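> Structure below; questions to follow.
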Amino acid sequence: MTHSPPPPPRPAPAYGPFAHLTTPTAALYRHIMRVFLQAKERYAVHLRPEDVHAALPFDVRPAEADAVARALDSLSQPEWGNLRADPDTARVTAVEDFYRKRYVYQLTQAGEAAEEALATYDDALGRRGSLQAVALHDIVTQLRALLVLAAEETPDPAKTHLALDGLASRFAALADNARAFMGSLQRTIDLHDVSEEAFLAYKDQLIQYLERFIQDLITLGGRIAQLILELEDRVDALLLTAAAREAADASPEAAQDAQREAYERWAARWDGLGAWFLSRNGRESQARLLRGRALGAIPQLLAVVRALNERRAGRSDRSADFRTLARWFAQAPDDDARHRLWRAAFGLYPARHLTVDADTLTARTARPEPAATPWAEAEPLRISPQLRRTGSYERRGKPRRVEDRTQARRRLAEIADKQAAETAAARARLTTDGTTDGTTRLSALGELDPLAFGLFLQLLGDALSTWRPGMTHTVATSNDGSMEIRLTALGDATTAEIRTPGGVFRGPDHLVRIVDLTQEAP
């Protein structure tokens with residue numbers, strides 16, 4: 001058995017093509033490289049210094065063409081390697097021209113790669129992202145297609161791979177855009193990269209956009225989670241099918257491990273999709289965290305609007321006060337005036353625990369103590385024995401006893417435990433998983449106590465808020481993420497009655513399934 005020698009190690013990549021970014025004339029270098037990229041799009045191979053000088057924007061174009069020539073020489077030096085310089089022999093008409101420094105320049109492979117990397121960096125840095133409700137609909141469509149393929153005895157490899165690839169691409173776009181949007185939203189709340197006028201102009205559209213996406217996320221997030229759970233037992237075969245199709249195109253030296261590596265990539269993508277929409281092992285799903293973050297952004301946006309309106313109305317805030325105070329300090333004529341202003345603004349007066357009377361002032365006037373005199377060497381001050389003994393001239397009474405709050409804290413803990421137990425009992429009362437198929441009619445819920453009825457009304461309100469004309473089924477989650485309700489309309493026109501100590505609740509009967517998410521197995 002022979003062993004082939006290992007391939008020679010690749011040389012460490014050189015990052016010289018990025019060195020021009022740290023120079024004082026980096027802006028000129030960037031514009032010159034953009035000129036070469038634009039010329040490449042027009043299929044121009046070489047450029048002369050005068051061509052580059054003429055193509056530069058007017059506001060960055062040097063007055064002399066020699067500055068551009070020096071920049072081209074720097075970009076073509078071996079240490080940087082952004083450009084390649086070739087002798088320009090096309091315009092040689094005399095022997096003396098051979099001794100003149102004439103070059104034409106073209107992009108090198110390293111220089112072009114560096115510009116592509118910088119363009120990607122600029123695009124990512126300025127990206128604001130968006131919350132894509134359309135992507136949620138596409139994910140539902142792709143999951144349903146996978147559910148149909150999983151039901152087949154032998155899924156078609158091409159259809160399976162295309163469905164998984166479409167699902168992965170839409171999900172990756174959704175996650176990337178959501179991350180970029182929440183980052184840009186925080187910068188907007190902090191009024192970074194946006195003026196106050198622009199913020200006030202589009203705040204209403206932004207809030208409506210957030211509310212619409214939150215509503216779609218509540219509606220479709222539960223549907224996506226349900227589809228993922230239905231596919232979990234059958235998705236492994238689909239992932240293996242897609243991995244086998246990818247491995248068919250692997251090179252001979254990589255064919256042995258290609259299918260295993262492809263399967264691991266698909267399994268990681270599926271786990272990421274599940275973590276985005278399902279809460280497991282005590283960890284909140286990313287969709288729920290995103291919904292909470294988007295919900296929290298709305299009051300923050302309103303607080304920014306309120307602060308801007310108060311500032312425009314002339315109401316003072318702390319930052320405006322400090323700016324005004326800083327201006328007064330700058331306008332003060334001398335240090336004495338600044339010291340008086342400081343004491344008036346902040347009230348940080350010298351220590352007043354020693355009494356200074358007329359005799360003390362007279363003695364200090366007669367024998368003044370320099371400011372640099374140490375305390376131990378200064379003239380002693382006469383202090384009243386009462387002040388030395390008690391720290392005050394006033395006789396104090398008996399100090400108050402320290403109040404023991406142990407019993408009060410115990411009482412509060414008992415109340416909190418009682419409320420938690422009542423809430424858990426209300427959730428257990430509403431849960432319908434004890435039925436045969438996990439669903440029941442609203443009319444079969446029976447009589448509810450006030451706490452359970454209040455929790456039921458909140459769940460019903462969450463479900464009905466997502467209901468649209470023509471819908472027969474909806475799924476919603478409570479605001480705290482502890483309960484899930486699935487509501488299905490019935491076509492028999494029956495009426496449900498739910499009795500409570502406060503009266504009778506009536507409405508159209510529905511099939512309902514209520515799940516306590518805090519009790520679900522991980």
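How things are named: the first chain in the structure tokens is A, the next is B, and so on; residues count from 1 in each chain; ligands count from 1 in the order shown.
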Do you know which residues are at most 8 Å from stretch 482-495 of chain A counting only C-alpha atoms, after dropping those on the same chain fewer than 3 positions away, and could you put them as a list of chain:residue names?

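Surrounding residues, per the criterion: A:Arg427, A:Ser443, A:Leu459, A:Leu460, A:Ala463, A:Thr472, A:His473, A:Thr474, A:Val475, A:Ala476, A:Thr477, A:Ser478, A:Asn479, A:Arg506, A:Gly507, A:Pro508, A:Asp509, A:His510, A:Leu511, A:Val512, A:Arg513, A:Ile514, A:Val515, A:Asp516, A:Leu517, A:Thr518.
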
> Quick check for you: according to DSSP on this backbone, which residues of stretch 205-339 of chain A are classed as helix (DSSP H, G or I)? Reply as number ranges by chain.

A: 205-231, 235-247, 252-277, 286-312, 318-331, 335-339

> Just checking: using only C-alpha atoms, which residue out of A:Phe453, A:Trp467, A:Phe181, A:Tyr29 ends up closest to A:Leu290?

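Looking only at the distances to A:Leu290, the closest residue turns out to be A:Phe181.
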
> Calculate how many Å separate atom CA of A:Asp233 from atom CA of A:Ala248, rounding to one decimal.

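Answer for the atom CA of A:Asp233 to atom CA of A:Ala248 separation: 25.5 Å.
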
> Could you check how far atom CA of A:Arg245 sits from atom CA of A:Leu229, in Å to one decimal?

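Between atom CA of A:Arg245 and atom CA of A:Leu229 the gap works out to 24.9 Å.
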